[in-house]
>>> print(open('structure23.cif').read())   # mmCIF, N, CA and C atoms
data_data
#
loop_
_atom_site.label_atom_id
_atom_site.label_comp_id
_atom_site.auth_asym_id
_atom_site.auth_seq_id
_atom_site.Cartn_x
_atom_site.Cartn_y
_atom_site.Cartn_z
N MET A 1 0.84 -1.18 0.00
CA MET A 1 0.00 0.00 0.00
C MET A 1 0.89 1.24 0.00
N PRO A 2 0.76 2.09 -1.00
CA PRO A 2 1.58 3.29 -1.05
C PRO A 2 1.21 4.27 0.07
N VAL A 3 2.22 5.05 0.49
CA VAL A 3 2.02 6.00 1.58
C VAL A 3 1.19 7.18 1.11
N ALA A 4 1.54 7.76 -0.02
CA ALA A 4 0.83 8.92 -0.53
C ALA A 4 0.26 8.57 -1.89
N THR A 5 -1.05 8.61 -2.02
CA THR A 5 -1.68 8.21 -3.28
C THR A 5 -2.13 9.39 -4.12
N SER A 6 -2.30 10.56 -3.53
CA SER A 6 -2.73 11.71 -4.31
C SER A 6 -1.72 12.86 -4.13
N PHE A 7 -1.92 13.88 -4.92
CA PHE A 7 -1.04 15.05 -4.85
C PHE A 7 -1.07 15.67 -3.46
N TRP A 8 -2.26 15.86 -2.91
CA TRP A 8 -2.38 16.54 -1.63
C TRP A 8 -1.80 15.72 -0.49
N GLU A 9 -1.92 14.40 -0.57
CA GLU A 9 -1.30 13.57 0.47
C GLU A 9 0.23 13.66 0.39
N THR A 10 0.77 13.69 -0.81
CA THR A 10 2.21 13.84 -1.00
C THR A 10 2.65 15.22 -0.51
N PHE A 11 1.90 16.25 -0.88
CA PHE A 11 2.19 17.61 -0.46
C PHE A 11 2.21 17.71 1.06
N PHE A 12 1.20 17.15 1.70
CA PHE A 12 1.11 17.18 3.16
C PHE A 12 2.28 16.42 3.78
N LEU A 13 2.64 15.30 3.21
CA LEU A 13 3.75 14.51 3.72
C LEU A 13 5.08 15.26 3.59
N LEU A 14 5.35 15.84 2.45
CA LEU A 14 6.64 16.47 2.20
C LEU A 14 6.79 17.84 2.86
N LEU A 15 5.73 18.60 2.93
CA LEU A 15 5.86 19.96 3.44
C LEU A 15 5.47 20.12 4.90
N ILE A 16 4.86 19.13 5.48
CA ILE A 16 4.47 19.24 6.88
C ILE A 16 5.21 18.20 7.73
N PHE A 17 5.06 16.94 7.41
CA PHE A 17 5.62 15.90 8.27
C PHE A 17 7.14 15.80 8.22
N LEU A 18 7.73 15.88 7.05
CA LEU A 18 9.18 15.74 6.96
C LEU A 18 9.92 16.86 7.70
N PRO A 19 9.54 18.13 7.55
CA PRO A 19 10.21 19.16 8.35
C PRO A 19 10.01 18.96 9.85
N LEU A 20 8.82 18.54 10.27
CA LEU A 20 8.60 18.28 11.69
C LEU A 20 9.48 17.15 12.20
N ILE A 21 9.62 16.11 11.40
CA ILE A 21 10.47 14.98 11.79
C ILE A 21 11.93 15.42 11.84
N MET A 22 12.34 16.26 10.89
CA MET A 22 13.72 16.75 10.90
C MET A 22 14.00 17.59 12.14
N VAL A 23 13.09 18.49 12.50
CA VAL A 23 13.27 19.31 13.70
C VAL A 23 13.32 18.41 14.93
N TRP A 24 12.47 17.40 14.97
CA TRP A 24 12.43 16.47 16.09
C TRP A 24 13.77 15.73 16.23
N VAL A 25 14.31 15.25 15.11
CA VAL A 25 15.59 14.52 15.13
C VAL A 25 16.73 15.46 15.52
N PHE A 26 16.72 16.68 14.98
CA PHE A 26 17.77 17.63 15.33
C PHE A 26 17.72 18.01 16.81
N ALA A 27 16.53 18.11 17.38
CA ALA A 27 16.40 18.40 18.81
C ALA A 27 16.97 17.24 19.63
N LEU A 28 16.69 16.01 19.22
CA LEU A 28 17.25 14.85 19.93
C LEU A 28 18.78 14.84 19.83
N MET A 29 19.30 15.12 18.64
CA MET A 29 20.75 15.16 18.48
C MET A 29 21.36 16.26 19.33
N ASP A 30 20.69 17.40 19.39
CA ASP A 30 21.21 18.52 20.16
C ASP A 30 21.25 18.22 21.65
N VAL A 31 20.27 17.49 22.14
CA VAL A 31 20.27 17.12 23.56
C VAL A 31 21.54 16.35 23.89
N PHE A 32 21.94 15.45 23.03
CA PHE A 32 23.12 14.63 23.31
C PHE A 32 24.42 15.38 23.07
N ARG A 33 24.40 16.40 22.23
CA ARG A 33 25.62 17.18 21.98
C ARG A 33 25.94 18.16 23.09
N ARG A 34 24.95 18.57 23.84
CA ARG A 34 25.16 19.59 24.87
C ARG A 34 26.02 19.06 26.00
N ASP A 35 26.96 19.91 26.45
CA ASP A 35 27.79 19.50 27.57
C ASP A 35 27.44 20.25 28.84
N ASP A 36 26.43 21.13 28.76
CA ASP A 36 26.02 21.85 29.95
C ASP A 36 24.88 21.16 30.70
N LEU A 37 24.36 20.07 30.17
CA LEU A 37 23.31 19.30 30.84
C LEU A 37 23.89 18.01 31.41
N GLY A 38 23.43 17.66 32.59
CA GLY A 38 23.82 16.40 33.18
C GLY A 38 23.00 15.26 32.60
N GLY A 39 23.31 14.04 33.00
CA GLY A 39 22.63 12.86 32.48
C GLY A 39 21.14 12.84 32.79
N GLY A 40 20.77 13.26 33.99
CA GLY A 40 19.36 13.26 34.37
C GLY A 40 18.54 14.23 33.53
N TRP A 41 19.08 15.44 33.31
CA TRP A 41 18.37 16.41 32.50
C TRP A 41 18.29 15.96 31.04
N LYS A 42 19.35 15.33 30.54
CA LYS A 42 19.30 14.82 29.16
C LYS A 42 18.23 13.75 29.03
N ALA A 43 18.16 12.84 30.02
CA ALA A 43 17.14 11.79 29.98
C ALA A 43 15.74 12.40 30.04
N LEU A 44 15.55 13.41 30.86
CA LEU A 44 14.24 14.07 30.97
C LEU A 44 13.85 14.73 29.65
N TRP A 45 14.79 15.42 29.01
CA TRP A 45 14.48 16.05 27.73
C TRP A 45 14.19 15.01 26.65
N VAL A 46 14.94 13.92 26.64
CA VAL A 46 14.70 12.87 25.64
C VAL A 46 13.30 12.29 25.83
N VAL A 47 12.92 12.03 27.07
CA VAL A 47 11.58 11.49 27.33
C VAL A 47 10.52 12.50 26.89
N ALA A 48 10.72 13.77 27.21
CA ALA A 48 9.74 14.79 26.82
C ALA A 48 9.64 14.91 25.30
N ILE A 49 10.77 14.86 24.61
CA ILE A 49 10.76 15.00 23.15
C ILE A 49 10.15 13.78 22.48
N ILE A 50 10.38 12.60 23.03
CA ILE A 50 9.84 11.38 22.42
C ILE A 50 8.36 11.19 22.77
N LEU A 51 7.98 11.40 24.01
CA LEU A 51 6.58 11.16 24.40
C LEU A 51 5.62 12.23 23.88
N VAL A 52 6.07 13.47 23.83
CA VAL A 52 5.24 14.56 23.33
C VAL A 52 6.05 15.25 22.22
N PRO A 53 6.09 14.62 21.03
CA PRO A 53 7.03 15.07 20.00
C PRO A 53 6.91 16.55 19.63
N PHE A 54 5.73 17.04 19.34
CA PHE A 54 5.61 18.42 18.88
C PHE A 54 5.85 19.40 20.02
N PHE A 55 5.11 19.27 21.11
CA PHE A 55 5.24 20.23 22.21
C PHE A 55 6.55 20.06 22.97
N GLY A 56 7.02 18.84 23.14
CA GLY A 56 8.30 18.62 23.82
C GLY A 56 9.45 19.25 23.06
N THR A 57 9.44 19.10 21.73
CA THR A 57 10.47 19.69 20.89
C THR A 57 10.36 21.21 20.90
N LEU A 58 9.15 21.72 20.81
CA LEU A 58 8.94 23.16 20.83
C LEU A 58 9.41 23.77 22.14
N ILE A 59 9.07 23.16 23.25
CA ILE A 59 9.49 23.67 24.56
C ILE A 59 11.01 23.59 24.69
N TYR A 60 11.61 22.50 24.22
CA TYR A 60 13.07 22.36 24.28
C TYR A 60 13.75 23.47 23.48
N LEU A 61 13.29 23.71 22.25
CA LEU A 61 13.93 24.70 21.40
C LEU A 61 13.74 26.12 21.93
N ILE A 62 12.62 26.40 22.56
CA ILE A 62 12.40 27.73 23.13
C ILE A 62 13.26 27.94 24.37
N SER A 63 13.38 26.92 25.20
CA SER A 63 14.12 27.08 26.46
C SER A 63 15.61 26.86 26.32
N ARG A 64 16.06 26.44 25.15
CA ARG A 64 17.48 26.16 24.93
C ARG A 64 18.28 27.46 24.92
N PRO A 65 19.34 27.55 25.74
CA PRO A 65 20.15 28.78 25.75
C PRO A 65 21.10 28.83 24.55
N ALA A 66 21.46 30.03 24.17
CA ALA A 66 22.49 30.18 23.12
C ALA A 66 23.83 29.78 23.71
N GLY A 67 24.64 29.13 22.92
CA GLY A 67 25.96 28.71 23.40
C GLY A 67 25.90 27.45 24.24
N ALA A 68 24.98 26.55 23.89
CA ALA A 68 24.83 25.33 24.67
C ALA A 68 25.88 24.28 24.33
N THR A 69 26.49 24.40 23.18
CA THR A 69 27.52 23.43 22.78
C THR A 69 28.86 24.14 22.67
N PRO A 70 29.95 23.40 22.76
CA PRO A 70 31.29 24.03 22.65
C PRO A 70 31.49 24.78 21.32
N GLU A 71 30.94 24.23 20.23
CA GLU A 71 31.09 24.89 18.94
C GLU A 71 30.38 26.25 18.93
N GLU A 72 29.19 26.30 19.53
CA GLU A 72 28.46 27.56 19.58
C GLU A 72 29.18 28.58 20.46
N ARG A 73 29.73 28.13 21.57
CA ARG A 73 30.46 29.05 22.43
C ARG A 73 31.68 29.62 21.71
N ALA A 74 32.38 28.77 20.95
CA ALA A 74 33.54 29.25 20.20
C ALA A 74 33.10 30.25 19.12
N ALA A 75 31.98 29.98 18.46
CA ALA A 75 31.49 30.90 17.43
C ALA A 75 31.05 32.22 18.04
N LEU A 76 30.37 32.18 19.19
CA LEU A 76 29.96 33.41 19.86
C LEU A 76 31.17 34.23 20.31
N ASP A 77 32.19 33.54 20.84
CA ASP A 77 33.40 34.22 21.28
C ASP A 77 34.10 34.89 20.10
N GLU A 78 34.20 34.17 18.99
CA GLU A 78 34.85 34.72 17.80
C GLU A 78 34.06 35.91 17.26
N ALA A 79 32.74 35.81 17.24
CA ALA A 79 31.91 36.91 16.74
C ALA A 79 32.06 38.14 17.62
N SER A 80 32.12 37.94 18.94
CA SER A 80 32.26 39.10 19.82
C SER A 80 33.64 39.72 19.68
N ARG A 81 34.67 38.91 19.48
CA ARG A 81 36.01 39.45 19.26
C ARG A 81 36.07 40.27 17.97
N GLU A 82 35.43 39.75 16.90
CA GLU A 82 35.41 40.48 15.64
C GLU A 82 34.65 41.79 15.79
N PHE A 83 33.55 41.78 16.53
CA PHE A 83 32.77 42.99 16.75
C PHE A 83 33.59 44.05 17.48
N VAL A 84 34.26 43.63 18.54
CA VAL A 84 35.08 44.57 19.31
C VAL A 84 36.22 45.10 18.46
N GLN A 85 36.84 44.23 17.70
CA GLN A 85 37.96 44.65 16.86
C GLN A 85 37.50 45.63 15.77
N ARG A 86 36.32 45.41 15.23
CA ARG A 86 35.83 46.25 14.14
C ARG A 86 35.36 47.62 14.64
N TYR A 87 34.67 47.65 15.78
CA TYR A 87 34.01 48.87 16.19
C TYR A 87 34.67 49.61 17.35
N SER A 88 35.71 49.08 17.91
CA SER A 88 36.37 49.82 18.99
C SER A 88 37.34 50.83 18.38
N PRO A 89 37.45 51.99 18.99
CA PRO A 89 38.38 52.99 18.47
C PRO A 89 39.81 52.45 18.54
N ASP A 90 40.58 52.74 17.51
CA ASP A 90 41.92 52.18 17.46
C ASP A 90 43.01 53.17 17.83
N SER A 91 42.65 54.40 18.14
CA SER A 91 43.67 55.35 18.54
C SER A 91 43.12 56.22 19.67
N SER A 92 44.04 56.83 20.39
CA SER A 92 43.65 57.71 21.49
C SER A 92 42.86 58.90 20.97
N ALA A 93 43.23 59.40 19.81
CA ALA A 93 42.54 60.56 19.26
C ALA A 93 41.07 60.22 18.96
N THR A 94 40.85 59.05 18.40
CA THR A 94 39.48 58.62 18.10
C THR A 94 38.69 58.43 19.38
N GLN A 95 39.32 57.83 20.39
CA GLN A 95 38.64 57.64 21.66
C GLN A 95 38.30 58.99 22.31
N LEU A 96 39.23 59.93 22.26
CA LEU A 96 38.96 61.24 22.83
C LEU A 96 37.87 61.98 22.06
N GLN A 97 37.84 61.82 20.76
CA GLN A 97 36.80 62.44 19.96
C GLN A 97 35.43 61.85 20.31
N THR A 98 35.37 60.55 20.49
CA THR A 98 34.12 59.90 20.87
C THR A 98 33.68 60.36 22.25
N LEU A 99 34.62 60.42 23.19
CA LEU A 99 34.30 60.89 24.53
C LEU A 99 33.79 62.33 24.50
N SER A 100 34.44 63.18 23.73
CA SER A 100 34.03 64.57 23.63
C SER A 100 32.62 64.69 23.05
N ASP A 101 32.34 63.88 22.05
CA ASP A 101 31.01 63.89 21.45
C ASP A 101 29.95 63.45 22.46
N LEU A 102 30.23 62.38 23.20
CA LEU A 102 29.29 61.92 24.23
C LEU A 102 29.09 62.97 25.32
N HIS A 103 30.18 63.64 25.70
CA HIS A 103 30.09 64.68 26.73
C HIS A 103 29.28 65.88 26.22
N ASP A 104 29.50 66.26 24.96
CA ASP A 104 28.78 67.39 24.38
C ASP A 104 27.28 67.11 24.27
N ARG A 105 26.93 65.84 24.00
CA ARG A 105 25.52 65.49 23.89
C ARG A 105 24.87 65.25 25.24
N GLY A 106 25.64 65.32 26.32
CA GLY A 106 25.08 65.16 27.65
C GLY A 106 24.96 63.72 28.10
N LYS A 107 25.57 62.81 27.40
CA LYS A 107 25.52 61.40 27.78
C LYS A 107 26.51 61.06 28.88
N LEU A 108 27.55 61.86 29.02
CA LEU A 108 28.55 61.68 30.08
C LEU A 108 28.55 62.91 30.98
N THR A 109 28.65 62.66 32.26
CA THR A 109 28.79 63.78 33.20
C THR A 109 30.23 64.29 33.15
N ASP A 110 30.47 65.43 33.78
CA ASP A 110 31.83 65.97 33.80
C ASP A 110 32.80 65.01 34.48
N ALA A 111 32.35 64.37 35.56
CA ALA A 111 33.21 63.45 36.29
C ALA A 111 33.52 62.21 35.45
N GLU A 112 32.49 61.68 34.77
CA GLU A 112 32.72 60.51 33.92
C GLU A 112 33.64 60.86 32.76
N PHE A 113 33.43 62.03 32.17
CA PHE A 113 34.28 62.45 31.06
C PHE A 113 35.74 62.59 31.51
N ALA A 114 35.95 63.21 32.68
CA ALA A 114 37.31 63.38 33.18
C ALA A 114 37.96 62.03 33.49
N ALA A 115 37.19 61.12 34.07
CA ALA A 115 37.75 59.80 34.40
C ALA A 115 38.13 59.03 33.14
N GLU A 116 37.25 59.04 32.14
CA GLU A 116 37.56 58.32 30.90
C GLU A 116 38.69 58.98 30.13
N LYS A 117 38.73 60.29 30.14
CA LYS A 117 39.82 61.00 29.48
C LYS A 117 41.15 60.65 30.13
N ALA A 118 41.16 60.59 31.47
CA ALA A 118 42.38 60.21 32.18
C ALA A 118 42.79 58.78 31.84
N ARG A 119 41.79 57.90 31.73
CA ARG A 119 42.09 56.50 31.40
C ARG A 119 42.69 56.42 30.00
N VAL A 120 42.12 57.14 29.05
CA VAL A 120 42.62 57.10 27.67
C VAL A 120 44.02 57.67 27.59
N LEU A 121 44.26 58.76 28.32
CA LEU A 121 45.58 59.39 28.27
C LEU A 121 46.61 58.67 29.11
N GLY A 122 46.17 57.67 29.87
CA GLY A 122 47.11 56.87 30.64
C GLY A 122 47.37 57.36 32.03
N ALA A 123 46.63 58.36 32.49
CA ALA A 123 46.80 58.86 33.85
C ALA A 123 46.00 57.97 34.80
N SER A 124 46.39 57.94 36.05
CA SER A 124 45.73 57.07 37.01
C SER A 124 44.45 57.68 37.56
N SER A 125 44.33 58.99 37.57
CA SER A 125 43.12 59.63 38.10
C SER A 125 42.90 60.94 37.37
N PRO A 126 41.66 61.47 37.45
CA PRO A 126 41.41 62.74 36.79
C PRO A 126 42.29 63.86 37.34
N ALA A 127 42.62 63.83 38.62
CA ALA A 127 43.48 64.86 39.20
C ALA A 127 44.88 64.79 38.59
N ALA A 128 45.35 63.57 38.34
CA ALA A 128 46.67 63.41 37.74
C ALA A 128 46.67 63.96 36.32
N ALA A 129 45.54 63.79 35.61
CA ALA A 129 45.46 64.33 34.24
C ALA A 129 45.49 65.84 34.27
N ALA A 130 44.85 66.44 35.28
CA ALA A 130 44.86 67.90 35.39
C ALA A 130 46.26 68.40 35.74
N ASP A 131 47.00 67.61 36.55
CA ASP A 131 48.36 68.01 36.91
C ASP A 131 49.28 67.96 35.71
N GLU A 132 48.97 67.06 34.75
CA GLU A 132 49.85 66.91 33.60
C GLU A 132 49.61 68.00 32.55
N ALA A 133 48.58 68.82 32.74
CA ALA A 133 48.29 69.87 31.76
C ALA A 133 49.48 70.84 31.74
N PRO A 134 49.80 71.29 30.53
CA PRO A 134 50.96 72.20 30.44
C PRO A 134 50.69 73.50 31.18
N ALA A 135 51.67 73.93 31.86
CA ALA A 135 51.55 75.19 32.63
C ALA A 135 51.73 76.36 31.66
N GLU A 136 51.25 77.51 32.08
CA GLU A 136 51.41 78.70 31.25
C GLU A 136 52.90 79.04 31.20
N PRO A 137 53.35 79.51 30.09
CA PRO A 137 54.77 79.86 30.01
C PRO A 137 55.09 80.99 30.99
N ALA A 138 56.26 80.92 31.52
CA ALA A 138 56.70 81.92 32.48
C ALA A 138 56.91 83.25 31.77
N ALA A 139 56.62 84.29 32.49
CA ALA A 139 56.82 85.62 31.92
C ALA A 139 58.30 85.88 31.76
N PRO A 140 58.67 86.55 30.67
CA PRO A 140 60.10 86.83 30.49
C PRO A 140 60.61 87.76 31.57
N GLN A 141 61.73 87.42 32.07
CA GLN A 141 62.32 88.25 33.16
C GLN A 141 63.19 89.33 32.52
N SER A 142 63.01 90.51 33.03
CA SER A 142 63.83 91.60 32.52
C SER A 142 65.10 91.71 33.33
N SER A 143 66.18 91.96 32.68
CA SER A 143 67.46 92.04 33.36
C SER A 143 67.83 93.44 33.69
#
>>> encode(input="structure23.cif", output="C-alpha cells")
Amino acid sequence: MPVATSFWETFFLLLIFLPLIMVWVFALMDVFRRDDLGGGWKALWVVAIILVPFFGTLIYLISRPAGATPEERAALDEASREFVQRYSPDSSATQLQTLSDLHDRGKLTDAEFAAEKARVLGASSPAAAADEAPAEPAAPQSS
C-alpha cells in the first residue's frame, strides 16, 4: 500500500511531516551534543521530546540557551572578538573624539568624562590628568 496516493497527500507529507520529523531529530541530536546538561536532564528532555514530540520539541527549542555546545560558544566568542575589533576605536585621538562627542551630547557627566579622558591618556586619576596639563609659560624676566 503506497504511503501517498494523491497530490495533496504527498504535499502534506513532504511539506508538513518531513520538516517536523527533521526538527524532532535535530532536537534529539542537540540534547546529546550539549555539555552543559547532566545525564538526568538529558534523559528528561529525551523522554519529553519522544513522548510529546511536537510540544516537547517546541518547549526544548524555546528554552534552549544560546551557546549550549562548545562549537556555539567558540562561534559566539569569535563573533564578539570580531565585533570589538571592528568597532572599537583604534587610537587615542578617536577615543577622545568619541568621549568629547558623548560629553557634548550630555551622555557623560563631567566626572565621567574626566575619568575616561584620564584613562585614555594613561593617567591614574582625573586629578593626575589635570596636573599633567601644560603650565602657562613663564613671563620673560627683565634684566
>>> atom_distance(input="structure23.cif", atom1="atom CA of Phe32 of chain A", atom2="atom N of Asp77 of chain A")
21.1 Å
>>> atom_distance(input="structure23.cif", atom1="atom CA of Thr57 of chain A", atom2="atom CA of Leu76 of chain A")
23.9 Å
>>> closest_residue(input="structure23.cif", among="A:Val52, A:Val46, A:Leu96, A:Leu102", to="Arg119 of chain A", atoms="only C-alpha atoms")
A:Leu96
>>> select_by_dssp(input="structure23.cif", residues="chain A", states="helix (DSSP H, G or I)", output="NGL selection string")
:A and (7-33 or 39-51 or 53-63 or 70-87 or 92-104 or 110-121 or 126-131)
>>> closest_residue(input="structure23.cif", among="A:Phe55, A:Phe7, A:Tyr60, A:Phe83", to="Asp30 of chain A", atoms="only C-alpha atoms")
A:Tyr60
>>> resolve_selection(input="structure23.cif", expression="the PyMOL selection byres ((chain A and resi 27) around 8)", output="PDB file with N, CA and C atoms, in the frame of the given file")
ATOM      1  N   ILE A  21       9.620  16.110  11.400  1.00  0.00           N
ATOM      2  CA  ILE A  21      10.470  14.980  11.790  1.00  0.00           C
ATOM      3  C   ILE A  21      11.930  15.420  11.840  1.00  0.00           C
ATOM      4  N   MET A  22      12.340  16.260  10.890  1.00  0.00           N
ATOM      5  CA  MET A  22      13.720  16.750  10.900  1.00  0.00           C
ATOM      6  C   MET A  22      14.000  17.590  12.140  1.00  0.00           C
ATOM      7  N   VAL A  23      13.090  18.490  12.500  1.00  0.00           N
ATOM      8  CA  VAL A  23      13.270  19.310  13.700  1.00  0.00           C
ATOM      9  C   VAL A  23      13.320  18.410  14.930  1.00  0.00           C
ATOM     10  N   TRP A  24      12.470  17.400  14.970  1.00  0.00           N
ATOM     11  CA  TRP A  24      12.430  16.470  16.090  1.00  0.00           C
ATOM     12  C   TRP A  24      13.770  15.730  16.230  1.00  0.00           C
ATOM     13  N   VAL A  25      14.310  15.250  15.110  1.00  0.00           N
ATOM     14  CA  VAL A  25      15.590  14.520  15.130  1.00  0.00           C
ATOM     15  C   VAL A  25      16.730  15.460  15.520  1.00  0.00           C
ATOM     16  N   PHE A  26      16.720  16.680  14.980  1.00  0.00           N
ATOM     17  CA  PHE A  26      17.770  17.630  15.330  1.00  0.00           C
ATOM     18  C   PHE A  26      17.720  18.010  16.810  1.00  0.00           C
ATOM     19  N   LEU A  28      16.690  16.010  19.220  1.00  0.00           N
ATOM     20  CA  LEU A  28      17.250  14.850  19.930  1.00  0.00           C
ATOM     21  C   LEU A  28      18.780  14.840  19.830  1.00  0.00           C
ATOM     22  N   MET A  29      19.300  15.120  18.640  1.00  0.00           N
ATOM     23  CA  MET A  29      20.750  15.160  18.480  1.00  0.00           C
ATOM     24  C   MET A  29      21.360  16.260  19.330  1.00  0.00           C
ATOM     25  N   ASP A  30      20.690  17.400  19.390  1.00  0.00           N
ATOM     26  CA  ASP A  30      21.210  18.520  20.160  1.00  0.00           C
ATOM     27  C   ASP A  30      21.250  18.220  21.650  1.00  0.00           C
ATOM     28  N   VAL A  31      20.270  17.490  22.140  1.00  0.00           N
ATOM     29  CA  VAL A  31      20.270  17.120  23.560  1.00  0.00           C
ATOM     30  C   VAL A  31      21.540  16.350  23.890  1.00  0.00           C
ATOM     31  N   PHE A  32      21.940  15.450  23.030  1.00  0.00           N
ATOM     32  CA  PHE A  32      23.120  14.630  23.310  1.00  0.00           C
ATOM     33  C   PHE A  32      24.420  15.380  23.070  1.00  0.00           C
ATOM     34  N   ARG A  33      24.400  16.400  22.230  1.00  0.00           N
ATOM     35  CA  ARG A  33      25.620  17.180  21.980  1.00  0.00           C
ATOM     36  C   ARG A  33      25.940  18.160  23.090  1.00  0.00           C
ATOM     37  N   TRP A  45      14.790  15.420  29.010  1.00  0.00           N
ATOM     38  CA  TRP A  45      14.480  16.050  27.730  1.00  0.00           C
ATOM     39  C   TRP A  45      14.190  15.010  26.650  1.00  0.00           C
ATOM     40  N   VAL A  46      14.940  13.920  26.640  1.00  0.00           N
ATOM     41  CA  VAL A  46      14.700  12.870  25.640  1.00  0.00           C
ATOM     42  C   VAL A  46      13.300  12.290  25.830  1.00  0.00           C
ATOM     43  N   ILE A  49      10.770  14.860  24.610  1.00  0.00           N
ATOM     44  CA  ILE A  49      10.760  15.000  23.150  1.00  0.00           C
ATOM     45  C   ILE A  49      10.150  13.780  22.480  1.00  0.00           C
ATOM     46  N   THR A  57       9.440  19.100  21.730  1.00  0.00           N
ATOM     47  CA  THR A  57      10.470  19.690  20.890  1.00  0.00           C
ATOM     48  C   THR A  57      10.360  21.210  20.900  1.00  0.00           C
ATOM     49  N   TYR A  60      11.610  22.500  24.220  1.00  0.00           N
ATOM     50  CA  TYR A  60      13.070  22.360  24.280  1.00  0.00           C
ATOM     51  C   TYR A  60      13.750  23.470  23.480  1.00  0.00           C
ATOM     52  N   LEU A  61      13.290  23.710  22.250  1.00  0.00           N
ATOM     53  CA  LEU A  61      13.930  24.700  21.400  1.00  0.00           C
ATOM     54  C   LEU A  61      13.740  26.120  21.930  1.00  0.00           C
TER      55      LEU A  61
END
>>> atom_distance(input="structure23.cif", atom1="atom CA of Thr69 of chain A", atom2="atom CA of Lys42 of chain A")
13.5 Å
>>> closest_residue(input="structure23.cif", among="A:Ser92, A:Glu72, A:Asp101, A:Thr10", to="Leu121 of chain A", atoms="only N, CA and C atoms")
A:Ser92
>>> closest_residue(input="structure23.cif", among="A:Leu99, A:Asp36, A:Ile16, A:Asp104", to="Glu116 of chain A", atoms="only N, CA and C atoms")
A:Leu99
>>> closest_residue(input="structure23.cif", among="A:Lys117, A:Leu20, A:Trp41, A:Asp35", to="Gly67 of chain A", atoms="only C-alpha atoms")
A:Asp35
